[in-house]
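J.: Input file: entry_31.txt. Contents: compact mmCIF, C-alpha atoms.
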# COMPACT_ATOMS: atom_id res chain seq x y z
CA MET A 154 42.17 32.16 178.05
CA THR A 155 45.63 30.57 178.22
CA THR A 156 46.56 30.83 174.56
CA PRO A 157 45.29 34.11 173.22
CA SER A 158 44.22 33.97 169.61
CA TYR A 159 43.94 37.04 167.47
CA PRO A 160 41.46 36.35 164.71
CA TYR A 161 41.41 39.84 163.24
CA HIS A 162 43.78 40.02 160.31
CA LEU A 163 44.04 43.19 158.29
CA GLN A 164 43.32 42.53 154.64
CA PRO A 165 45.77 44.39 152.38
CA THR A 166 43.22 44.87 149.59
CA ARG A 167 40.77 46.44 152.01
CA VAL A 168 43.48 48.65 153.51
CA ARG A 169 44.24 49.90 150.01
CA ALA A 170 40.56 50.43 149.25
CA GLU A 171 40.13 52.46 152.46
CA PHE A 172 43.16 54.57 151.55
CA PHE A 173 41.44 55.61 148.33
CA ARG A 174 38.08 55.95 150.04
CA LEU A 175 39.42 58.66 152.36
CA LEU A 176 41.42 60.44 149.65
CA PRO A 177 38.63 62.97 148.94
CA ILE A 178 38.46 64.10 152.58
CA SER A 179 42.27 64.04 152.65
CA LEU A 180 42.32 66.70 149.96
CA PHE A 181 40.56 68.98 152.41
CA VAL A 182 43.01 67.97 155.12
CA ILE A 183 45.76 69.30 152.85
CA ALA A 184 44.04 72.69 153.07
CA PHE A 185 44.00 72.51 156.89
CA GLY A 186 47.62 71.43 156.88
CA ALA A 187 48.50 74.43 154.73
CA ALA A 188 46.68 76.72 157.15
CA PHE A 189 48.63 75.15 160.02
CA GLY A 190 51.95 75.48 158.22
CA LEU A 191 51.27 79.16 157.59
CA ALA A 192 50.23 79.78 161.21
CA ALA A 193 53.29 77.93 162.53
CA THR A 194 55.78 79.92 160.46
CA GLN A 195 54.04 83.17 161.41
CA GLU A 196 54.53 82.24 165.07
CA GLY A 197 58.24 81.75 164.45
CA LEU A 198 58.70 78.05 163.82
CA GLU A 199 61.18 77.01 161.15
CA PRO A 200 59.60 75.15 158.20
CA LEU A 201 61.28 71.89 159.15
CA GLN A 202 60.12 72.23 162.75
CA ALA A 203 56.51 72.68 161.67
CA LEU A 204 56.84 69.68 159.37
CA LEU A 205 58.34 67.61 162.17
CA MET A 206 55.49 68.57 164.47
CA SER A 207 52.84 67.54 161.92
CA THR A 208 54.67 64.30 161.23
CA VAL A 209 55.00 63.12 164.82
CA VAL A 210 52.03 64.78 166.54
CA PHE A 211 49.39 64.41 163.77
CA ALA A 212 46.60 66.09 165.70
CA GLY A 213 45.54 69.31 164.01
CA ALA A 214 43.45 71.11 166.60
CA SER A 215 46.06 70.64 169.32
CA GLN A 216 48.87 71.79 167.02
CA PHE A 217 46.99 75.00 166.22
CA ALA A 218 46.46 75.56 169.95
CA ALA A 219 50.14 74.92 170.70
CA VAL A 220 51.52 77.35 168.11
CA ASP A 221 48.96 79.84 169.40
CA MET A 222 50.79 79.70 172.75
CA TRP A 223 54.18 80.15 171.11
CA GLY A 224 56.57 82.92 172.11
CA ALA A 225 60.20 83.52 172.99
CA GLU A 226 59.51 81.22 175.91
CA VAL A 227 56.88 78.55 176.30
CA SER A 228 55.28 77.45 179.55
CA LEU A 229 55.46 73.70 179.24
CA VAL A 230 52.82 72.56 181.70
CA PRO A 231 49.96 74.74 180.43
CA MET A 232 50.80 73.88 176.83
CA MET A 233 50.90 70.15 177.48
CA ALA A 234 47.67 70.41 179.46
CA VAL A 235 45.98 72.04 176.48
CA VAL A 236 47.39 69.43 174.10
CA PHE A 237 46.19 66.66 176.39
CA ALA A 238 42.73 68.17 176.87
CA ILE A 239 42.14 68.65 173.15
CA ASN A 240 43.41 65.17 172.33
CA SER A 241 41.72 63.42 175.25
CA ARG A 242 38.91 62.44 172.87
CA HIS A 243 41.42 59.90 171.47
CA LEU A 244 41.13 58.05 174.78
CA LEU A 245 37.42 57.47 174.20
CA MET A 246 37.82 56.82 170.49
CA GLY A 247 40.47 54.18 171.12
CA ALA A 248 38.41 52.60 173.88
CA SER A 249 35.42 52.35 171.56
CA LEU A 250 37.52 50.32 169.11
CA TYR A 251 38.60 47.87 171.79
CA PRO A 252 35.95 45.22 171.01
CA MET A 253 37.63 44.92 167.60
CA LEU A 254 41.20 45.64 168.68
CA ARG A 255 41.25 42.89 171.29
CA ASP A 256 41.10 40.46 168.38
CA MET A 257 44.45 41.77 167.21
CA SER A 258 47.88 41.16 168.77
CA PRO A 259 49.05 43.96 171.11
CA GLY A 260 51.90 44.91 168.78
CA ARG A 261 49.61 45.44 165.80
CA ARG A 262 46.95 47.00 168.03
CA TYR A 263 49.22 49.79 169.28
CA ALA A 264 50.89 50.26 165.90
CA LEU A 265 47.47 50.77 164.30
CA LEU A 266 46.56 53.35 166.92
CA LEU A 267 49.42 55.59 165.74
CA LEU A 268 47.15 56.46 162.81
CA LEU A 269 44.00 57.02 164.86
CA THR A 270 42.37 60.36 164.14
CA ASP A 271 38.84 61.78 163.94
CA ALA A 272 37.87 61.04 160.35
CA ASN A 273 39.05 57.44 160.03
CA TRP A 274 37.74 56.65 163.49
CA ALA A 275 34.33 58.11 162.61
CA VAL A 276 34.08 55.80 159.59
CA SER A 277 35.10 52.75 161.60
CA ALA A 278 32.73 53.58 164.48
CA GLN A 279 29.81 54.17 162.11
CA GLU A 280 30.38 50.86 160.37
CA TYR A 281 30.63 49.09 163.71
CA GLN A 282 27.26 50.55 164.71
CA ASN A 283 25.91 49.10 161.46
CA GLY A 284 27.37 45.68 162.24
CA ARG A 285 30.55 45.77 160.15
CA ARG A 286 34.06 45.41 161.56
CA ASN A 287 36.45 47.74 159.78
CA LEU A 288 39.89 48.38 161.23
CA GLU A 289 41.34 48.62 157.73
CA VAL A 290 40.04 52.18 157.47
CA ILE A 291 42.10 53.17 160.51
CA VAL A 292 45.25 52.02 158.71
CA GLY A 293 44.50 52.84 155.06
CA GLY A 294 42.41 55.93 155.72
CA GLY A 295 44.77 57.04 158.49
CA LEU A 296 47.72 56.83 156.14
CA ALA A 297 45.91 58.99 153.58
CA LEU A 298 45.03 61.54 156.26
CA TRP A 299 48.54 61.59 157.72
CA LEU A 300 50.20 62.04 154.33
CA ALA A 301 47.73 64.82 153.54
CA TRP A 302 48.42 66.54 156.87
CA VAL A 303 52.19 66.46 156.37
CA LEU A 304 51.96 67.44 152.70
CA GLY A 305 49.58 70.28 153.54
CA THR A 306 51.90 71.53 156.28
CA GLY A 307 54.73 71.53 153.75
CA LEU A 308 52.67 73.57 151.29
CA GLY A 309 51.75 75.99 154.08
CA VAL A 310 55.28 76.60 155.31
CA TYR A 311 56.82 77.00 151.86
CA PHE A 312 53.94 78.55 149.89
CA GLY A 313 51.83 80.02 152.69
CA GLY A 314 50.21 82.64 150.50
CA LEU A 315 48.39 80.04 148.44
CA LEU A 316 45.52 79.59 150.83
CA ARG A 317 45.23 82.68 152.92
CA ASP A 318 41.57 82.36 153.80
CA PRO A 319 40.22 78.80 154.01
CA HIS A 320 37.40 80.21 156.13
CA SER A 321 35.78 82.10 153.22
CA LEU A 322 35.65 78.87 151.19
CA GLY A 323 33.93 77.02 154.02
CA LEU A 324 36.96 74.73 154.37
CA ASP A 325 37.00 75.06 158.16
CA MET A 326 33.68 73.19 158.18
CA VAL A 327 34.92 70.09 156.32
CA LEU A 328 35.64 68.05 159.41
CA GLY A 329 32.45 69.15 161.19
CA CYS A 330 30.31 68.24 158.17
CA PHE A 331 32.15 64.95 157.74
CA LEU A 332 31.67 63.94 161.37
CA LEU A 333 28.02 64.97 161.27
CA ALA A 334 27.43 62.87 158.14
CA MET A 335 29.06 59.90 159.87
CA ALA A 336 26.91 60.38 162.97
CA LEU A 337 23.71 60.54 160.94
CA GLY A 338 24.73 57.54 158.83
CA GLY A 339 24.92 55.27 161.87
CA ARG A 340 22.15 53.19 163.36
CA LYS A 341 19.57 55.40 165.04
CA THR A 342 17.62 53.72 167.79
CA PRO A 343 15.55 55.48 170.46
CA ARG A 344 18.41 54.77 172.82
CA THR A 345 20.92 56.47 170.52
CA LEU A 346 18.70 59.51 170.15
CA VAL A 347 18.30 59.89 173.92
CA ALA A 348 22.07 59.49 174.32
CA TRP A 349 22.64 62.17 171.67
CA ALA A 350 20.30 64.58 173.42
CA VAL A 351 22.12 64.01 176.72
CA ALA A 352 25.51 64.31 175.02
CA ALA A 353 24.46 67.54 173.29
CA LEU A 354 23.25 69.14 176.53
CA ALA A 355 26.25 67.95 178.55
CA SER A 356 28.77 69.13 175.96
CA LEU A 357 27.11 72.54 175.78
CA ALA A 358 27.06 72.83 179.57
CA ALA A 359 30.76 71.92 179.65
CA TRP A 360 31.44 74.38 176.85
CA TYR A 361 29.93 77.21 178.86
CA TRP A 362 30.88 76.33 182.43
CA LEU A 363 33.80 73.90 182.53
CA PRO A 364 37.44 74.55 181.61
CA PRO A 365 38.09 74.90 177.85
CA ASN A 366 38.47 71.74 175.74
CA THR A 367 36.69 69.43 178.16
CA HIS A 368 33.35 69.45 176.34
CA VAL A 369 33.96 66.50 174.01
CA VAL A 370 34.90 64.08 176.76
CA VAL A 371 32.16 65.33 179.11
CA GLY A 372 29.47 65.07 176.43
CA ALA A 373 30.60 61.66 175.19
CA LEU A 374 30.77 60.17 178.68
CA ALA A 375 27.33 61.58 179.52
CA GLY A 376 25.96 59.92 176.38
CA GLY A 377 27.72 56.69 177.31
CA VAL A 378 25.99 56.65 180.70
CA ILE A 379 22.68 56.29 178.87
CA GLY A 380 24.02 53.19 177.17
CA PHE A 381 25.30 51.83 180.47
CA PHE A 382 21.85 51.91 182.04
CA TRP A 383 19.75 51.30 178.94
CA LEU A 384 20.73 48.07 177.25
CA GLU A 385 19.53 47.38 173.77
CA PRO A 386 18.03 43.91 173.34
CA ARG A 387 20.10 43.41 170.18
CA ARG A 388 22.93 40.91 170.24
CA THR A 389 26.50 42.05 170.02
CA ILE A 390 28.16 41.37 166.71
CA ASP A 391 28.59 37.68 166.10
CA HIS A 392 32.32 37.16 166.26
CA ALA A 393 32.18 33.64 164.88
CA GLU A 394 30.38 34.83 161.79
CA ASP A 395 32.79 37.68 161.46
CA GLN A 396 35.83 35.44 161.49
CA ALA A 397 34.32 33.32 158.77
CA GLN A 398 34.30 36.10 156.19
CA MET B 182 58.34 75.59 183.95
CA THR B 183 59.25 77.52 180.87
CA LEU B 184 61.41 76.56 177.96
CA GLU B 185 63.20 78.88 175.58
CA THR B 186 62.19 78.38 171.98
CA SER B 187 65.73 77.74 170.85
CA THR B 188 66.29 74.91 168.39
CA THR B 189 66.76 72.38 171.16
CA GLY B 190 63.87 73.83 173.11
CA ILE B 191 61.53 73.53 170.14
CA LEU B 192 62.58 69.94 169.56
CA ILE B 193 61.84 69.15 173.20
CA ILE B 194 58.42 70.81 172.94
CA ILE B 195 57.57 68.86 169.80
CA ALA B 196 58.73 65.61 171.40
CA LEU B 197 56.60 66.26 174.49
CA MET B 198 53.57 67.08 172.35
CA ALA B 199 54.07 63.85 170.44
CA LEU B 200 54.33 61.85 173.68
CA VAL B 201 51.24 63.45 175.22
CA THR B 202 49.26 62.82 172.04
CA LEU B 203 50.53 59.25 171.80
CA ALA B 204 49.41 58.68 175.39
CA THR B 205 45.88 59.71 174.39
CA ARG B 206 45.93 57.42 171.34
CA TRP B 207 47.14 54.45 173.39
CA GLY B 208 45.62 55.16 176.78
CA GLY B 209 42.00 54.29 176.09
CA VAL B 210 42.82 50.90 174.62
CA PHE B 211 45.39 50.23 177.34
CA ILE B 212 42.81 50.86 180.07
CA MET B 213 40.19 48.80 178.26
CA SER B 214 42.54 45.81 178.19
CA PHE B 215 42.02 45.57 181.97
CA VAL B 216 38.24 45.84 181.72
CA ARG B 217 36.16 42.75 181.37
CA ILE B 218 33.74 43.43 178.54
CA ASN B 219 30.17 42.51 179.32
CA PRO B 220 27.04 43.62 177.45
CA ARG B 221 26.69 46.63 179.75
CA ILE B 222 30.24 47.86 179.11
CA GLU B 223 29.81 47.19 175.40
CA SER B 224 26.59 49.20 175.42
CA PHE B 225 28.38 52.00 177.27
CA ILE B 226 31.23 52.25 174.78
CA ASN B 227 28.94 51.98 171.76
CA THR B 228 26.70 54.78 172.98
CA MET B 229 29.72 56.81 174.02
CA ALA B 230 31.21 56.36 170.55
CA SER B 231 28.25 57.87 168.75
CA SER B 232 28.06 60.60 171.40
CA VAL B 233 31.66 61.69 170.72
CA LEU B 234 30.57 63.04 167.35
CA ILE B 235 27.60 64.90 168.82
CA ALA B 236 29.77 66.36 171.57
CA ILE B 237 32.18 67.72 168.94
CA ILE B 238 29.52 69.06 166.59
CA VAL B 239 26.91 70.70 168.86
CA PRO B 240 29.26 73.18 170.58
CA MET B 241 30.78 73.84 167.12
CA ALA B 242 27.32 74.82 165.87
CA PHE B 243 26.52 76.95 168.93
CA SER B 244 29.81 78.85 168.84
CA GLY B 245 29.98 79.09 165.05
CA ASP B 246 28.97 81.87 162.70
CA ALA B 247 25.99 81.75 160.32
CA GLY B 248 28.15 79.96 157.75
CA ALA B 249 29.02 77.20 160.19
CA ILE B 250 25.38 76.70 161.10
CA ALA B 251 24.33 76.69 157.44
CA ALA B 252 26.99 74.06 156.71
CA LEU B 253 25.88 71.73 159.50
CA VAL B 254 22.15 72.11 158.81
CA THR B 255 22.64 71.51 155.07
CA THR B 256 24.77 68.43 155.70
CA ALA B 257 22.23 67.07 158.19
CA VAL B 258 19.25 67.53 155.88
CA ILE B 259 20.91 66.01 152.81
CA MET B 260 22.35 63.15 154.86
CA LEU B 261 18.96 62.33 156.40
CA VAL B 262 17.20 62.47 153.05
CA SER B 263 19.76 60.69 150.87
CA GLN B 264 22.07 58.81 153.30
CA ARG B 265 24.91 59.73 150.94
CA ALA B 266 27.86 61.27 152.76
CA LEU B 267 29.87 62.96 150.01
CA PRO B 268 27.03 65.06 148.53
CA ALA B 269 25.97 65.98 152.05
CA ILE B 270 29.47 67.17 153.00
CA GLY B 271 30.01 68.95 149.69
CA ALA B 272 26.72 70.82 149.97
CA GLY B 273 27.49 71.75 153.57
CA ILE B 274 30.83 73.33 152.64
CA ALA B 275 29.25 75.13 149.69
CA ALA B 276 26.52 76.46 152.01
CA ALA B 277 29.14 77.88 154.40
CA ALA B 278 31.03 79.52 151.54
CA LEU B 279 27.82 80.97 150.08
CA ILE B 280 26.52 82.37 153.37
CA ARG B 281 29.90 83.90 154.19
CA PHE B 282 30.13 85.43 150.71
CA LEU B 283 26.63 86.93 151.07
CA LEU B 284 27.11 88.19 154.61
CA GLY B 285 30.81 88.99 154.38
Is it possible to express this structure as structure tokens?
T.:
Amino acid sequence: MTTPSYPYHLQPTRVRAEFFRLLPISLFVIAFGAAFGLAATQEGLEPLQALLMSTVVFAGASQFAAVDMWGAEVSLVPMMAVVFAINSRHLLMGASLYPMLRDMSPGRRYALLLLLTDANWAVSAQEYQNGRRNLEVIVGGGLALWLAWVLGTGLGVYFGGLLRDPHSLGLDMVLGCFLLAMALGGRKTPRTLVAWAVAALASLAAWYWLPPNTHVVVGALAGGVIGFFWLEPRRTIDHAEDQAQ
Amino acid sequence: MTLETSTTGILIIIALMALVTLATRWGGVFIMSFVRINPRIESFINTMASSVLIAIIVPMAFSGDAGAIAALVTTAVIMLVSQRALPAIGAGIAAAALIRFLLG
């Protein structure tokens, strides 16, 4: 290919629609953000520092882990290793979007990835399994999630007492339930089910026996191996048809 | 290597966290841009994608309390029956809250 063409153009109306579509889940993200803000200030971060962290890091689980390791001094290498391990699932999530992202110029591609996180990726991946190409949800949905995360952090650092116990309301399970619903809403073929079984066993084995925070990557790669050796007879998504819409 | 959590130190820590996280957001796509996509690779990444969710959820269920398990089971059942995500998620959260209220 001498002249690369990038047929995927984000449609502003769809980006807006996806923003509103992920608003309900974003409300729950506000609650997580508040819990993070509270935890961060309790560990000694200034409100503005916690807000800055949420704004530029935008990865909840790793931020909780980092403030957990906070003290008068911080050991940089262990902390960054934990942050990397928890967020290493982004590597796989980004890679899985590549068949769509390669149809987008590198500048847009990497800008879009700034907003990549679990919930918007899960929607996009599920739709891709069902034969729809949706990168708009990464942008629109990601923006909703990011705003919610920053707003929630702000509420937590300034009004921490508001939501002392998200656990008792079941709010810690929002993301788990959301991701599970996305998984079960995707196409289920015998191949997928075998891959899930392998992924489940591998992630549990890693959970018990491998270093902490490696289970997601181990399980996902183990599931992927099934796909590598067991090809589905279905055709890949017809790109020509997709461009026409 | 340790860093004092002075104002400058904290800013450096936050910047490093942001860079490490950015590397994970960009890295997968960057590596894939050197990979020639054939049906086998495409099959690998598609199966891997749906396995990411399972690999997050299953250990969460196994290490979670009764409320967590109730939430995931409820969501799974309603999702499989109705294929509607929002009611499934809502019922799952309610199930966790209920079980924790009853057992707590």
J.: Please report as a ChimeraX atom specification which residues of chain B come no farther than 6 Å from chain A, using all atoms listed in the file.
T.: /B:182-186,195,199,205-206,208-210,221,224-226,228-230,232-233,236-237,239-240,253,266,270,274,277-278
J.: Can those selected residues be exported to a file as a tab-separated table (two decimals), in the frame of the given file so that it contains C-alpha atoms?
T.:
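Contents of part.tsv, freshly written:
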chain	number	residue	atom	x	y	z
B	182	MET	CA	58.34	75.59	183.95
B	183	THR	CA	59.25	77.52	180.87
B	184	LEU	CA	61.41	76.56	177.96
B	185	GLU	CA	63.20	78.88	175.58
B	186	THR	CA	62.19	78.38	171.98
B	195	ILE	CA	57.57	68.86	169.80
B	199	ALA	CA	54.07	63.85	170.44
B	205	THR	CA	45.88	59.71	174.39
B	206	ARG	CA	45.93	57.42	171.34
B	208	GLY	CA	45.62	55.16	176.78
B	209	GLY	CA	42.00	54.29	176.09
B	210	VAL	CA	42.82	50.90	174.62
B	221	ARG	CA	26.69	46.63	179.75
B	224	SER	CA	26.59	49.20	175.42
B	225	PHE	CA	28.38	52.00	177.27
B	226	ILE	CA	31.23	52.25	174.78
B	228	THR	CA	26.70	54.78	172.98
B	229	MET	CA	29.72	56.81	174.02
B	230	ALA	CA	31.21	56.36	170.55
B	232	SER	CA	28.06	60.60	171.40
B	233	VAL	CA	31.66	61.69	170.72
B	236	ALA	CA	29.77	66.36	171.57
B	237	ILE	CA	32.18	67.72	168.94
B	239	VAL	CA	26.91	70.70	168.86
B	240	PRO	CA	29.26	73.18	170.58
B	253	LEU	CA	25.88	71.73	159.50
B	266	ALA	CA	27.86	61.27	152.76
B	270	ILE	CA	29.47	67.17	153.00
B	274	ILE	CA	30.83	73.33	152.64
B	277	ALA	CA	29.14	77.88	154.40
B	278	ALA	CA	31.03	79.52	151.54
J.: A:Ala214, A:Ile291, A:Val182, A:Ser258: which is nearest Ala170 of chain A, counting only C-alpha atoms?
T.: A:Ile291
J.: Starting from the point (42.7, 54.5, 154.1), work out which residues of protein, DNA or RNA have an atom no more than 9 Å away when counting all atoms listed in the file; state them as a list in words.
T.: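 Result, sorted by chain then residue number: Arg167, Val168, Arg169, Ala170, Glu171, Phe172, Phe173, Arg174, Leu175, Leu176, Asn273, Glu289, Val290, Ile291, Val292, Gly293, Gly294, Gly295, Leu296, Ala297 and Leu298 of chain A.
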J.: In the coordinate frame of the file, compute which residues have an atom within 12 Å of (54.2, 69.8, 151.0) when using all atoms listed in the file, and state them as a ChimeraX atom specification.
T.: /A:183-184,186-191,200-201,203-204,207-208,300-313
J.: Quick one: pull the distance between atom CA of Ala192 of chain A and atom CA of Phe243 of chain B, Å, one decimal.
T.: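 Interatomic distance here is 25.1 Å.
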J.: Of the residues A:Phe217, A:Ala272, A:Leu163, A:Pro343, which is the one nearest to Ser179 of chain A, using all atoms listed in the file?
T.: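 Checking each of A:Phe217, A:Ala272, A:Leu163, A:Pro343 against Ser179 of chain A, counting all atoms listed in the file, the winner is A:Ala272.
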J.: Just how far from atom CA of Met257 of chain A is atom CA of Ile218 of chain B, in Å to one decimal?
T.: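 Separation of atom CA of Ile218 of chain B and atom CA of Met257 of chain A: 15.7 Å.
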